[in-house]
Amino acid sequence: MEEMRAREGAPGHDAWPGGLELGVVADQPGLIGEAARWFAARWNVPLEAYEESMAASAGDRRAVPQWLVVRDTDRPGAPIVAGCGIIENDFHDRPDWAPNLCALYVDEPYRGRGIARRLLDAARAEAAVLGRDRLYLITDHVGLYERCGWDHVGFANEEGGGRVRVYAASVSPS
């Protein structure tokens, strides 16, 4: 938990409300197993893919990928309740739109508290640490990302077929 607290005050990493704490998995390699299981349980991506991605940047805050998690320190075991990743490409045909925010998820009991917006801001701050000017994401959703300062920049084709909306945001949250 100390590593999580050490980032407080950095853009996107200020104190979180109600016992919630943001952590960067690269700062805490011992968290890889738990974080990978959490993401795999929420998305249709194999556990091994998350483990490999998280291990690739363990101990290296300037590498892509990066993974952010939010823990509820008021609950026993401080479980992960939200998270997202930053990867080079989220399985679409526009490699020029990189890096990509991916796997944004907030557990249902924690929705409606502004956690997604705070995670989006924290991811933008992480992209700045990575030396990037912009961060992109793909989604089918309309509304949420615009309200959080993201701009719709076009469409991309997913690897498995289908067309998705692409959003971009500067790395400095507004």
# chains A, B, ... in the order shown; residues from 1 in each chain; ligands from 1
call {"tool": "residues_around", "arguments": {"residues": "region 147-152 of chain A", "least_positions_apart": "4", "cutoff": "9 Å", "atoms": "only C-alpha atoms", "output": "list of chain:residue names"}}
result
A:Arg117, A:Leu120, A:Asp121, A:Tyr136, A:Gly143, A:Arg165, A:Val166, A:Tyr167, A:Ala168, A:Ala169, A:Ser170, A:Pro173, A:Ser174
call {"tool": "write_last_selection", "arguments": {"atoms": "N, CA, C and O atoms", "output": "short mmCIF file (atom, residue, chain, number, x, y, z; two decimals), in the first residue's frame"}}
result
data_model
loop_
_atom_site.label_atom_id
_atom_site.label_comp_id
_atom_site.auth_asym_id
_atom_site.auth_seq_id
_atom_site.Cartn_x
_atom_site.Cartn_y
_atom_site.Cartn_z
N ARG A 117 -13.96 8.13 -14.32
CA ARG A 117 -13.37 9.42 -14.72
C ARG A 117 -11.99 9.58 -14.08
O ARG A 117 -11.04 10.00 -14.75
N LEU A 120 -9.55 7.37 -15.88
CA LEU A 120 -9.20 7.95 -17.18
C LEU A 120 -8.16 9.06 -17.00
O LEU A 120 -7.19 9.15 -17.75
N ASP A 121 -8.34 9.91 -16.00
CA ASP A 121 -7.37 10.98 -15.72
C ASP A 121 -6.02 10.40 -15.30
O ASP A 121 -4.96 10.88 -15.72
N TYR A 136 -5.31 7.05 -26.67
CA TYR A 136 -6.47 6.67 -27.48
C TYR A 136 -7.22 5.53 -26.81
O TYR A 136 -6.66 4.80 -25.98
N GLY A 143 -20.95 8.95 -25.13
CA GLY A 143 -21.35 9.82 -24.03
C GLY A 143 -20.35 9.89 -22.90
O GLY A 143 -19.91 10.97 -22.53
N ARG A 165 -15.70 2.94 -32.43
CA ARG A 165 -15.37 4.35 -32.28
C ARG A 165 -13.99 4.48 -31.65
O ARG A 165 -13.64 3.70 -30.77
N VAL A 166 -13.23 5.48 -32.07
CA VAL A 166 -11.93 5.76 -31.49
C VAL A 166 -11.98 7.16 -30.88
O VAL A 166 -12.45 8.10 -31.52
N TYR A 167 -11.52 7.24 -29.64
CA TYR A 167 -11.44 8.51 -28.92
C TYR A 167 -9.99 8.81 -28.61
O TYR A 167 -9.17 7.90 -28.48
N ALA A 168 -9.69 10.10 -28.44
CA ALA A 168 -8.34 10.52 -28.07
C ALA A 168 -8.45 11.63 -27.04
O ALA A 168 -9.43 12.38 -27.00
N ALA A 169 -7.42 11.73 -26.22
CA ALA A 169 -7.34 12.81 -25.23
C ALA A 169 -5.88 13.19 -25.06
O ALA A 169 -4.99 12.34 -25.17
N SER A 170 -5.66 14.46 -24.79
CA SER A 170 -4.30 14.90 -24.48
C SER A 170 -3.93 14.27 -23.14
O SER A 170 -4.79 13.85 -22.36
N PRO A 173 -5.07 15.95 -18.28
CA PRO A 173 -6.54 16.05 -18.09
C PRO A 173 -6.97 17.48 -17.87
O PRO A 173 -6.28 18.24 -17.21
N SER A 174 -8.12 17.82 -18.46
CA SER A 174 -8.62 19.19 -18.31
C SER A 174 -9.47 19.33 -17.07
O SER A 174 -9.86 18.40 -16.46
#
call {"tool": "select_by_dssp", "arguments": {"residues": "region 41-167 of chain A", "states": "alpha helix (DSSP H)", "output": "PyMOL selection string"}}
result
chain A and resi 41-42+47-56+115-129+144-147
call {"tool": "atom_distance", "arguments": {"atom1": "CA of Ala26 (chain A)", "atom2": "CA of Ala58 (chain A)"}}
result
4.2 Å
call {"tool": "closest_atom_pairs", "arguments": {"of": "region 74-107 of chain A", "to": "region 126-134 of chain A", "cutoff": "9 Å", "atoms": "only C-alpha atoms", "output": "JSON lines"}}
result
{"residue": "A:Ile86", "atom": "CA", "partner": "A:Ala127", "partner_atom": "CA", "distance": 7.8}
{"residue": "A:Trp97", "atom": "CA", "partner": "A:Arg134", "partner_atom": "CA", "distance": 8.7}
{"residue": "A:Ala98", "atom": "CA", "partner": "A:Arg134", "partner_atom": "CA", "distance": 7.8}
{"residue": "A:Pro99", "atom": "CA", "partner": "A:Arg134", "partner_atom": "CA", "distance": 7.7}
call {"tool": "write_last_selection", "arguments": {"atoms": "N, CA and C atoms", "output": "mmCIF file, in the first residue's frame"}}
result
data_model
loop_
_atom_site.group_PDB
_atom_site.id
_atom_site.type_symbol
_atom_site.label_atom_id
_atom_site.label_comp_id
_atom_site.auth_asym_id
_atom_site.auth_seq_id
_atom_site.Cartn_x
_atom_site.Cartn_y
_atom_site.Cartn_z
ATOM 1 N N ILE A 86 -2.795 0.430 -20.232
ATOM 2 C CA ILE A 86 -2.296 1.209 -21.362
ATOM 3 C C ILE A 86 -1.439 0.248 -22.176
ATOM 4 N N TRP A 97 -2.718 5.299 -34.051
ATOM 5 C CA TRP A 97 -3.450 5.802 -32.895
ATOM 6 C C TRP A 97 -3.011 4.997 -31.675
ATOM 7 N N ALA A 98 -1.898 5.426 -31.086
ATOM 8 C CA ALA A 98 -1.301 4.688 -29.964
ATOM 9 C C ALA A 98 -0.633 5.660 -29.001
ATOM 10 N N PRO A 99 -0.512 5.252 -27.731
ATOM 11 C CA PRO A 99 -0.963 4.014 -27.113
ATOM 12 C C PRO A 99 -2.468 4.057 -26.836
#
call {"tool": "residues_around", "arguments": {"residues": "region 37-47 of chain A", "least_positions_apart": "3", "cutoff": "12 Å", "atoms": "only C-alpha atoms", "output": "PyMOL selection string"}}
result
chain A and resi 31-34+50-54+67-71+79-85+90-91+102-108
call {"tool": "residues_around", "arguments": {"residues": "Val164 (chain A)", "least_positions_apart": "2", "cutoff": "10 Å", "atoms": "only C-alpha atoms", "output": "PyMOL selection string"}}
result
chain A and resi 92+137-141+154-158+161-162+166-167
call {"tool": "write_last_selection", "arguments": {"atoms": "C-alpha atoms", "output": "short mmCIF file (atom, residue, chain, number, x, y, z; two decimals), in the first residue's frame"}}
result
data_model
loop_
_atom_site.label_atom_id
_atom_site.label_comp_id
_atom_site.auth_asym_id
_atom_site.auth_seq_id
_atom_site.Cartn_x
_atom_site.Cartn_y
_atom_site.Cartn_z
CA HIS A 92 -7.55 -2.63 -34.17
CA LEU A 137 -9.24 4.18 -26.75
CA ILE A 138 -11.75 2.16 -28.72
CA THR A 139 -15.33 1.64 -27.60
CA ASP A 140 -18.93 1.17 -28.63
CA HIS A 141 -20.06 3.58 -25.91
CA GLY A 154 -12.82 8.42 -36.06
CA PHE A 155 -13.41 4.73 -36.48
CA ALA A 156 -11.20 1.66 -36.58
CA ASN A 157 -11.74 -1.93 -37.62
CA GLU A 158 -11.28 -4.54 -34.90
CA GLY A 161 -14.28 -7.77 -37.46
CA GLY A 162 -16.55 -4.91 -36.65
CA VAL A 166 -11.93 5.76 -31.49
CA TYR A 167 -11.44 8.51 -28.92
#
call {"tool": "closest_residue", "arguments": {"among": "A:Glu21, A:Glu146, A:Asp60, A:Asp93", "to": "Asp72 (chain A)", "atoms": "only C-alpha atoms"}}
result
A:Glu21
call {"tool": "closest_residue", "arguments": {"among": "A:Ser172, A:Gln28, A:Gln66, A:Thr73", "to": "Glu88 (chain A)", "atoms": "only C-alpha atoms"}}
result
A:Gln66
call {"tool": "residues_around", "arguments": {"residues": "Pro17 (chain A)", "least_positions_apart": "5", "cutoff": "10 Å", "atoms": "only C-alpha atoms", "output": "short mmCIF file (atom, residue, chain, number, x, y, z; two decimals) with all heavy atoms, in the first residue's frame"}}
result
data_model
loop_
_atom_site.label_atom_id
_atom_site.label_comp_id
_atom_site.auth_asym_id
_atom_site.auth_seq_id
_atom_site.Cartn_x
_atom_site.Cartn_y
_atom_site.Cartn_z
N ASP A 72 -9.90 -1.18 -2.63
CA ASP A 72 -10.73 -0.68 -1.54
C ASP A 72 -10.05 -1.09 -0.23
O ASP A 72 -10.21 -2.22 0.23
CB ASP A 72 -12.14 -1.25 -1.62
CG ASP A 72 -13.06 -0.67 -0.57
OD1 ASP A 72 -12.56 -0.04 0.41
OD2 ASP A 72 -14.29 -0.86 -0.69
N ARG A 113 -19.61 6.66 -8.76
CA ARG A 113 -18.81 7.43 -7.80
C ARG A 113 -17.70 8.24 -8.46
O ARG A 113 -16.85 8.79 -7.78
CB ARG A 113 -18.16 6.48 -6.78
CG ARG A 113 -19.13 5.65 -5.98
CD ARG A 113 -18.37 4.84 -4.96
NE ARG A 113 -19.21 3.81 -4.37
CZ ARG A 113 -18.80 3.00 -3.40
NH1 ARG A 113 -17.58 3.11 -2.92
NH2 ARG A 113 -19.60 2.09 -2.92
N GLY A 114 -17.68 8.27 -9.79
CA GLY A 114 -16.64 9.01 -10.50
C GLY A 114 -15.33 8.26 -10.63
O GLY A 114 -14.31 8.85 -11.01
N ILE A 115 -15.33 6.97 -10.35
CA ILE A 115 -14.09 6.19 -10.40
C ILE A 115 -13.58 6.06 -11.84
O ILE A 115 -12.38 6.18 -12.08
CB ILE A 115 -14.28 4.82 -9.73
CG1 ILE A 115 -14.54 5.02 -8.24
CG2 ILE A 115 -13.08 3.92 -9.96
CD1 ILE A 115 -14.98 3.77 -7.50
#
call {"tool": "atom_distance", "arguments": {"atom1": "CA of Gly19 (chain A)", "atom2": "CA of Arg124 (chain A)"}}
result
22.4 Å
call {"tool": "decode", "arguments": {"residues": "region 23-50 of chain A", "atoms": "N, CA, C and O atoms", "output": "mmCIF file, in the first residue's frame"}}
result
data_model
loop_
_atom_site.group_PDB
_atom_site.id
_atom_site.type_symbol
_atom_site.label_atom_id
_atom_site.label_comp_id
_atom_site.auth_asym_id
_atom_site.auth_seq_id
_atom_site.Cartn_x
_atom_site.Cartn_y
_atom_site.Cartn_z
ATOM 1 N N GLY A 23 -3.141 2.218 -7.647
ATOM 2 C CA GLY A 23 -1.808 1.640 -7.729
ATOM 3 C C GLY A 23 -1.430 1.359 -9.165
ATOM 4 O O GLY A 23 -2.286 1.126 -10.019
ATOM 5 N N VAL A 24 -0.127 1.390 -9.417
ATOM 6 C CA VAL A 24 0.422 1.053 -10.728
ATOM 7 C C VAL A 24 1.106 -0.297 -10.576
ATOM 8 O O VAL A 24 2.011 -0.448 -9.753
ATOM 9 N N VAL A 25 0.660 -1.274 -11.337
ATOM 10 C CA VAL A 25 1.155 -2.635 -11.179
ATOM 11 C C VAL A 25 2.666 -2.700 -11.399
ATOM 12 O O VAL A 25 3.361 -3.456 -10.713
ATOM 13 N N ALA A 26 3.220 -1.891 -12.285
ATOM 14 C CA ALA A 26 4.672 -1.907 -12.526
ATOM 15 C C ALA A 26 5.460 -1.580 -11.263
ATOM 16 O O ALA A 26 6.592 -2.034 -11.104
ATOM 17 N N ASP A 27 4.862 -0.808 -10.374
ATOM 18 C CA ASP A 27 5.519 -0.463 -9.106
ATOM 19 C C ASP A 27 5.426 -1.591 -8.089
ATOM 20 O O ASP A 27 6.112 -1.555 -7.070
ATOM 21 N N GLN A 28 4.552 -2.547 -8.322
ATOM 22 C CA GLN A 28 4.275 -3.613 -7.358
ATOM 23 C C GLN A 28 4.186 -4.956 -8.075
ATOM 24 O O GLN A 28 3.107 -5.523 -8.207
ATOM 25 N N PRO A 29 5.301 -5.496 -8.550
ATOM 26 C CA PRO A 29 5.256 -6.746 -9.313
ATOM 27 C C PRO A 29 4.569 -7.890 -8.574
ATOM 28 O O PRO A 29 4.008 -8.783 -9.221
ATOM 29 N N GLY A 30 4.547 -7.876 -7.255
ATOM 30 C CA GLY A 30 3.855 -8.916 -6.501
ATOM 31 C C GLY A 30 2.354 -8.883 -6.692
ATOM 32 O O GLY A 30 1.650 -9.823 -6.314
ATOM 33 N N LEU A 31 1.847 -7.831 -7.286
ATOM 34 C CA LEU A 31 0.418 -7.671 -7.528
ATOM 35 C C LEU A 31 -0.025 -8.274 -8.864
ATOM 36 O O LEU A 31 -1.214 -8.387 -9.139
ATOM 37 N N ILE A 32 0.923 -8.711 -9.690
ATOM 38 C CA ILE A 32 0.605 -9.182 -11.045
ATOM 39 C C ILE A 32 -0.435 -10.301 -11.031
ATOM 40 O O ILE A 32 -1.416 -10.241 -11.780
ATOM 41 N N GLY A 33 -0.258 -11.320 -10.212
ATOM 42 C CA GLY A 33 -1.194 -12.441 -10.210
ATOM 43 C C GLY A 33 -2.605 -12.013 -9.882
ATOM 44 O O GLY A 33 -3.565 -12.371 -10.584
ATOM 45 N N GLU A 34 -2.755 -11.254 -8.807
ATOM 46 C CA GLU A 34 -4.086 -10.790 -8.398
ATOM 47 C C GLU A 34 -4.709 -9.896 -9.465
ATOM 48 O O GLU A 34 -5.888 -10.039 -9.803
ATOM 49 N N ALA A 35 -3.924 -8.950 -9.983
ATOM 50 C CA ALA A 35 -4.452 -8.020 -10.982
ATOM 51 C C ALA A 35 -4.829 -8.768 -12.267
ATOM 52 O O ALA A 35 -5.891 -8.513 -12.849
ATOM 53 N N ALA A 36 -3.995 -9.692 -12.707
ATOM 54 C CA ALA A 36 -4.292 -10.449 -13.923
ATOM 55 C C ALA A 36 -5.577 -11.258 -13.753
ATOM 56 O O ALA A 36 -6.413 -11.309 -14.664
ATOM 57 N N ARG A 37 -5.741 -11.885 -12.598
ATOM 58 C CA ARG A 37 -6.980 -12.648 -12.343
ATOM 59 C C ARG A 37 -8.192 -11.728 -12.352
ATOM 60 O O ARG A 37 -9.253 -12.080 -12.882
ATOM 61 N N TRP A 38 -8.061 -10.541 -11.737
ATOM 62 C CA TRP A 38 -9.176 -9.599 -11.688
ATOM 63 C C TRP A 38 -9.603 -9.194 -13.105
ATOM 64 O O TRP A 38 -10.788 -9.236 -13.445
ATOM 65 N N PHE A 39 -8.639 -8.774 -13.947
ATOM 66 C CA PHE A 39 -8.977 -8.363 -15.317
ATOM 67 C C PHE A 39 -9.538 -9.532 -16.121
ATOM 68 O O PHE A 39 -10.529 -9.379 -16.841
ATOM 69 N N ALA A 40 -8.923 -10.704 -16.023
ATOM 70 C CA ALA A 40 -9.375 -11.868 -16.791
ATOM 71 C C ALA A 40 -10.800 -12.259 -16.426
ATOM 72 O O ALA A 40 -11.564 -12.721 -17.289
ATOM 73 N N ALA A 41 -11.183 -12.066 -15.170
ATOM 74 C CA ALA A 41 -12.538 -12.401 -14.738
ATOM 75 C C ALA A 41 -13.576 -11.430 -15.299
ATOM 76 O O ALA A 41 -14.774 -11.738 -15.317
ATOM 77 N N ARG A 42 -13.147 -10.273 -15.767
ATOM 78 C CA ARG A 42 -14.086 -9.261 -16.238
ATOM 79 C C ARG A 42 -14.117 -9.126 -17.759
ATOM 80 O O ARG A 42 -15.052 -8.584 -18.320
ATOM 81 N N TRP A 43 -13.075 -9.584 -18.442
ATOM 82 C CA TRP A 43 -12.973 -9.442 -19.888
ATOM 83 C C TRP A 43 -12.746 -10.816 -20.511
ATOM 84 O O TRP A 43 -12.220 -11.707 -19.891
ATOM 85 N N ASN A 44 -13.075 -10.966 -21.725
ATOM 86 C CA ASN A 44 -12.912 -12.233 -22.440
ATOM 87 C C ASN A 44 -11.495 -12.346 -23.016
ATOM 88 O O ASN A 44 -11.308 -12.487 -24.220
ATOM 89 N N VAL A 45 -10.516 -12.247 -22.121
ATOM 90 C CA VAL A 45 -9.100 -12.332 -22.491
ATOM 91 C C VAL A 45 -8.455 -13.328 -21.533
ATOM 92 O O VAL A 45 -8.700 -13.279 -20.327
ATOM 93 N N PRO A 46 -7.638 -14.244 -22.047
ATOM 94 C CA PRO A 46 -7.032 -15.254 -21.174
ATOM 95 C C PRO A 46 -6.150 -14.657 -20.083
ATOM 96 O O PRO A 46 -5.441 -13.664 -20.301
ATOM 97 N N LEU A 47 -6.175 -15.282 -18.934
ATOM 98 C CA LEU A 47 -5.356 -14.875 -17.792
ATOM 99 C C LEU A 47 -3.900 -14.704 -18.193
ATOM 100 O O LEU A 47 -3.248 -13.726 -17.819
ATOM 101 N N GLU A 48 -3.377 -15.629 -18.973
ATOM 102 C CA GLU A 48 -1.970 -15.598 -19.370
ATOM 103 C C GLU A 48 -1.620 -14.326 -20.138
ATOM 104 O O GLU A 48 -0.507 -13.818 -20.032
ATOM 105 N N ALA A 49 -2.556 -13.814 -20.931
ATOM 106 C CA ALA A 49 -2.300 -12.589 -21.692
ATOM 107 C C ALA A 49 -2.084 -11.408 -20.746
ATOM 108 O O ALA A 49 -1.192 -10.590 -20.959
ATOM 109 N N TYR A 50 -2.907 -11.329 -19.702
ATOM 110 C CA TYR A 50 -2.728 -10.260 -18.716
ATOM 111 C C TYR A 50 -1.423 -10.447 -17.949
ATOM 112 O O TYR A 50 -0.686 -9.487 -17.724
#
